[in-house]
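The next block holds one structure in the form of structure tokens; read it before the comments.
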Amino acid sequence: MTRASGELLASQEFSTSFDATENPLGAPWIAPLAAGFTVMRSSDGHAYGTNGITDTYDDSYAYLSGFNPTSHECELIVYKQGTIPAVTHEIELHCGMSDDADTDIVKSYEALLDSGGSLQLMKWNGTYASGAFFFALDGSGPGWGGVTQHGEKMRLRKVNSGGNVILTIWKTPVGEAEVQVFTATDDGTVGGPPHLGGQPGIAAFYRPGANQVNYGAQSYIARNV
């Protein structure tokens, strides 16, 4: 793993190929502060989640600090190898992420990509204990367009605009040019006020019977825009 020094964070770009074996992901990653959620880990050159045993919405996540809360983006390269059982396997990019150890509230925007190619844009605002902290954001775009492939890239951008938040997702198929696949504007209609702050992050979610280690991210980049 390429750890971000103070100089790297000052330059507002961070990248990692998850070379180290870490459970949870080490610095500069911040593990969940909100109760009930689980940690991200890495081994053999990719990151993945640790949830799934309880069959609840205990997503695994980690996030960074030092980025411009009003406009940033992140991207990952999909890791998909070996057997993927016919249960939920999701890798997630996050922008505008924050959590609170006192209230256990997590706030974020999530680009959710499952192993079958289902792409959703979700807004997090609530606690694990509530069981209902996520809300689908309506938008437009063609979607992922096929079963998720090893080596594909997903990119998520958050930009504040006039009190709203504009969110955009791009896909880069292996060996092809990047294309925009979804965009939405959060005006506060769903899930409370727009998240005008927060930081980039990464997350994953699985159901019982999943092979977590076989579906995740082989690299990650976050930057200001």
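Lettering and numbering for the structure tokens are positional, with chains as A, B, ... in the shown order, residues counted from 1 in each chain, and ligands counted from 1 in the shown order.
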> So which residues touch segment 20-36 of chain A within 9 Å, counting only C-alpha atoms, skipping near sequence neighbours fewer than 2 positions away, as a VMD selection string?
Replying inline: chain A and resid 1 to 5 17 to 18 38 to 47 57 to 65 99 to 106 127 to 129 201
Please, could you write that set of residues out with N, CA and C atoms as an mmCIF file, in the first residue's frame?
```
data_model
loop_
_atom_site.group_PDB
_atom_site.id
_atom_site.type_symbol
_atom_site.label_atom_id
_atom_site.label_comp_id
_atom_site.auth_asym_id
_atom_site.auth_seq_id
_atom_site.Cartn_x
_atom_site.Cartn_y
_atom_site.Cartn_z
ATOM 1 N N MET A 1 0.849 -1.199 0.000
ATOM 2 C CA MET A 1 0.000 0.000 0.000
ATOM 3 C C MET A 1 0.877 1.239 0.000
ATOM 4 N N THR A 2 0.539 2.210 -0.840
ATOM 5 C CA THR A 2 1.234 3.491 -0.850
ATOM 6 C C THR A 2 0.551 4.408 0.135
ATOM 7 N N ARG A 3 1.190 4.652 1.259
ATOM 8 C CA ARG A 3 0.575 5.500 2.273
ATOM 9 C C ARG A 3 0.787 6.961 1.919
ATOM 10 N N ALA A 4 -0.191 7.774 2.249
ATOM 11 C CA ALA A 4 -0.109 9.199 1.971
ATOM 12 C C ALA A 4 0.631 9.907 3.093
ATOM 13 N N SER A 5 1.709 10.570 2.759
ATOM 14 C CA SER A 5 2.403 11.400 3.730
ATOM 15 C C SER A 5 1.669 12.725 3.846
ATOM 16 N N SER A 17 -2.256 0.862 -4.340
ATOM 17 C CA SER A 17 -2.518 -0.417 -5.008
ATOM 18 C C SER A 17 -2.663 -1.534 -3.980
ATOM 19 N N PHE A 18 -2.849 -1.184 -2.723
ATOM 20 C CA PHE A 18 -3.174 -2.137 -1.656
ATOM 21 C C PHE A 18 -2.147 -3.281 -1.579
ATOM 22 N N THR A 38 -18.411 -2.217 9.755
ATOM 23 C CA THR A 38 -17.256 -3.106 9.748
ATOM 24 C C THR A 38 -16.110 -2.477 8.966
ATOM 25 N N VAL A 39 -14.940 -3.102 9.043
ATOM 26 C CA VAL A 39 -13.735 -2.509 8.479
ATOM 27 C C VAL A 39 -13.410 -3.085 7.102
ATOM 28 N N MET A 40 -12.709 -2.283 6.322
ATOM 29 C CA MET A 40 -12.100 -2.741 5.082
ATOM 30 C C MET A 40 -10.732 -3.338 5.402
ATOM 31 N N ARG A 41 -10.319 -4.307 4.603
ATOM 32 C CA ARG A 41 -9.007 -4.906 4.767
ATOM 33 C C ARG A 41 -8.356 -5.092 3.399
ATOM 34 N N SER A 42 -7.085 -5.492 3.375
ATOM 35 C CA SER A 42 -6.391 -5.723 2.114
ATOM 36 C C SER A 42 -5.441 -6.903 2.237
ATOM 37 N N SER A 43 -5.261 -7.591 1.106
ATOM 38 C CA SER A 43 -4.268 -8.656 0.999
ATOM 39 C C SER A 43 -4.071 -8.973 -0.471
ATOM 40 N N ASP A 44 -2.899 -9.457 -0.820
ATOM 41 C CA ASP A 44 -2.611 -9.906 -2.189
ATOM 42 C C ASP A 44 -2.960 -8.859 -3.245
ATOM 43 N N GLY A 45 -2.726 -7.589 -2.928
ATOM 44 C CA GLY A 45 -2.878 -6.533 -3.913
ATOM 45 C C GLY A 45 -4.297 -6.080 -4.193
ATOM 46 N N HIS A 46 -5.210 -6.258 -3.242
ATOM 47 C CA HIS A 46 -6.544 -5.705 -3.419
ATOM 48 C C HIS A 46 -7.210 -5.522 -2.057
ATOM 49 N N ALA A 47 -8.239 -4.662 -2.036
ATOM 50 C CA ALA A 47 -8.995 -4.375 -0.810
ATOM 51 C C ALA A 47 -10.399 -4.935 -0.931
ATOM 52 N N TYR A 57 -27.155 -4.627 7.380
ATOM 53 C CA TYR A 57 -26.511 -3.571 6.601
ATOM 54 C C TYR A 57 -25.316 -2.992 7.368
ATOM 55 N N ASP A 58 -24.357 -3.873 7.639
ATOM 56 C CA ASP A 58 -23.142 -3.475 8.367
ATOM 57 C C ASP A 58 -21.989 -3.275 7.391
ATOM 58 N N ASP A 59 -22.215 -2.453 6.372
ATOM 59 C CA ASP A 59 -21.209 -2.222 5.337
ATOM 60 C C ASP A 59 -19.819 -2.009 5.944
ATOM 61 N N SER A 60 -18.821 -2.469 5.219
ATOM 62 C CA SER A 60 -17.430 -2.181 5.572
ATOM 63 C C SER A 60 -17.031 -0.880 4.879
ATOM 64 N N TYR A 61 -16.361 0.023 5.603
ATOM 65 C CA TYR A 61 -15.912 1.253 4.944
ATOM 66 C C TYR A 61 -14.649 1.809 5.585
ATOM 67 N N ALA A 62 -13.992 2.692 4.826
ATOM 68 C CA ALA A 62 -12.840 3.466 5.293
ATOM 69 C C ALA A 62 -12.822 4.753 4.483
ATOM 70 N N TYR A 63 -12.318 5.822 5.089
ATOM 71 C CA TYR A 63 -12.281 7.081 4.357
ATOM 72 C C TYR A 63 -11.007 7.847 4.673
ATOM 73 N N LEU A 64 -10.779 8.913 3.899
ATOM 74 C CA LEU A 64 -9.561 9.699 3.987
ATOM 75 C C LEU A 64 -9.857 11.060 4.610
ATOM 76 N N SER A 65 -8.828 11.877 4.740
ATOM 77 C CA SER A 65 -9.007 13.243 5.243
ATOM 78 C C SER A 65 -8.107 14.167 4.444
ATOM 79 N N ASP A 99 -18.458 10.493 9.533
ATOM 80 C CA ASP A 99 -19.179 9.747 10.564
ATOM 81 C C ASP A 99 -18.898 10.354 11.927
ATOM 82 N N ASP A 100 -19.667 9.942 12.922
ATOM 83 C CA ASP A 100 -19.609 10.569 14.234
ATOM 84 C C ASP A 100 -19.703 9.488 15.311
ATOM 85 N N ALA A 101 -18.689 9.417 16.161
ATOM 86 C CA ALA A 101 -18.658 8.394 17.206
ATOM 87 C C ALA A 101 -19.687 8.650 18.306
ATOM 88 N N ASP A 102 -20.131 9.894 18.460
ATOM 89 C CA ASP A 102 -21.103 10.212 19.499
ATOM 90 C C ASP A 102 -22.534 9.899 19.074
ATOM 91 N N THR A 103 -22.877 10.240 17.846
ATOM 92 C CA THR A 103 -24.239 10.019 17.359
ATOM 93 C C THR A 103 -24.374 8.732 16.547
ATOM 94 N N ASP A 104 -23.237 8.172 16.088
ATOM 95 C CA ASP A 104 -23.204 6.991 15.212
ATOM 96 C C ASP A 104 -23.816 7.252 13.843
ATOM 97 N N ILE A 105 -23.981 8.510 13.473
ATOM 98 C CA ILE A 105 -24.524 8.861 12.163
ATOM 99 C C ILE A 105 -23.418 8.848 11.113
ATOM 100 N N VAL A 106 -23.703 8.208 9.995
ATOM 101 C CA VAL A 106 -22.812 8.220 8.838
ATOM 102 C C VAL A 106 -23.498 8.975 7.712
ATOM 103 N N THR A 127 -27.979 5.951 11.056
ATOM 104 C CA THR A 127 -27.197 5.039 11.885
ATOM 105 C C THR A 127 -27.420 3.593 11.461
ATOM 106 N N TYR A 128 -26.454 2.748 11.786
ATOM 107 C CA TYR A 128 -26.612 1.316 11.552
ATOM 108 C C TYR A 128 -27.834 0.791 12.310
ATOM 109 N N ALA A 129 -28.021 1.245 13.524
ATOM 110 C CA ALA A 129 -29.112 0.748 14.364
ATOM 111 C C ALA A 129 -30.483 1.025 13.761
ATOM 112 N N GLY A 201 -13.923 8.068 0.112
ATOM 113 C CA GLY A 201 -13.762 6.808 0.824
ATOM 114 C C GLY A 201 -14.006 5.615 -0.068
#
```
Considering only C-alpha atoms, tabulate each residue of segment 116-145 of chain A that lies at most 12 Å from segment 73-89 of chain A along with its nearest interatomic pair and the corresponding distance in Å to one decimal; arrange the rows by chain and ascending residue number and present them as a tab-separated table.
```
residue	atom	partner	partner_atom	distance
A:Gly116	CA	A:His89	CA	8.5
A:Gly117	CA	A:His89	CA	10.4
A:Ser118	CA	A:His89	CA	10.5
```
> Looking only at the backbone, which of the residues in chain A does DSSP tag as helix (DSSP H, G or I), as a PyMOL selection string?
Replying inline: chain A and resi 6-10+128-130+212-214
Output N, CA and C atoms for every residue in that selection, as an mmCIF file, in the first residue's frame.
```cif
data_model
loop_
_atom_site.group_PDB
_atom_site.id
_atom_site.type_symbol
_atom_site.label_atom_id
_atom_site.label_comp_id
_atom_site.auth_asym_id
_atom_site.auth_seq_id
_atom_site.Cartn_x
_atom_site.Cartn_y
_atom_site.Cartn_z
ATOM 1 N N GLY A 6 2.103 13.575 4.774
ATOM 2 C CA GLY A 6 1.514 14.896 4.876
ATOM 3 C C GLY A 6 1.653 15.662 3.578
ATOM 4 N N GLU A 7 2.796 15.460 2.863
ATOM 5 C CA GLU A 7 3.009 16.154 1.607
ATOM 6 C C GLU A 7 2.009 15.687 0.552
ATOM 7 N N LEU A 8 1.732 14.377 0.530
ATOM 8 C CA LEU A 8 0.782 13.859 -0.453
ATOM 9 C C LEU A 8 -0.612 14.412 -0.207
ATOM 10 N N LEU A 9 -1.025 14.439 1.055
ATOM 11 C CA LEU A 9 -2.347 14.968 1.348
ATOM 12 C C LEU A 9 -2.406 16.463 1.051
ATOM 13 N N ALA A 10 -1.301 17.174 1.290
ATOM 14 C CA ALA A 10 -1.272 18.590 0.982
ATOM 15 C C ALA A 10 -1.452 18.829 -0.513
ATOM 16 N N TYR A 128 -26.454 2.748 11.786
ATOM 17 C CA TYR A 128 -26.612 1.316 11.552
ATOM 18 C C TYR A 128 -27.834 0.791 12.310
ATOM 19 N N ALA A 129 -28.021 1.245 13.524
ATOM 20 C CA ALA A 129 -29.112 0.748 14.364
ATOM 21 C C ALA A 129 -30.483 1.025 13.761
ATOM 22 N N SER A 130 -30.591 2.081 12.968
ATOM 23 C CA SER A 130 -31.879 2.419 12.359
ATOM 24 C C SER A 130 -32.284 1.411 11.296
ATOM 25 N N GLN A 212 -15.791 -12.765 0.002
ATOM 26 C CA GLN A 212 -15.382 -11.360 0.055
ATOM 27 C C GLN A 212 -14.052 -11.114 -0.642
ATOM 28 N N VAL A 213 -13.103 -12.023 -0.450
ATOM 29 C CA VAL A 213 -11.762 -11.828 -0.976
ATOM 30 C C VAL A 213 -11.731 -11.829 -2.497
ATOM 31 N N ASN A 214 -12.780 -12.328 -3.146
ATOM 32 C CA ASN A 214 -12.779 -12.441 -4.603
ATOM 33 C C ASN A 214 -13.388 -11.247 -5.325
#
```
>> So that I can check the secondary structure, give me every residue of segment 30-193 of chain A assigned strand (DSSP E) by backbone DSSP, as a PyMOL selection string.
In response: chain A and resi 38-43+46-49+60-63+71-80+89-99+106-114+119-126+134-136+153-161+164-172+179-186
> Got a sec: who's within 6 Å of Phe182 of chain A, counting only C-alpha atoms, leaving out chain neighbours fewer than 6 positions off, as a PyMOL selection string?
Replying inline: chain A and resi 140-141+168-169
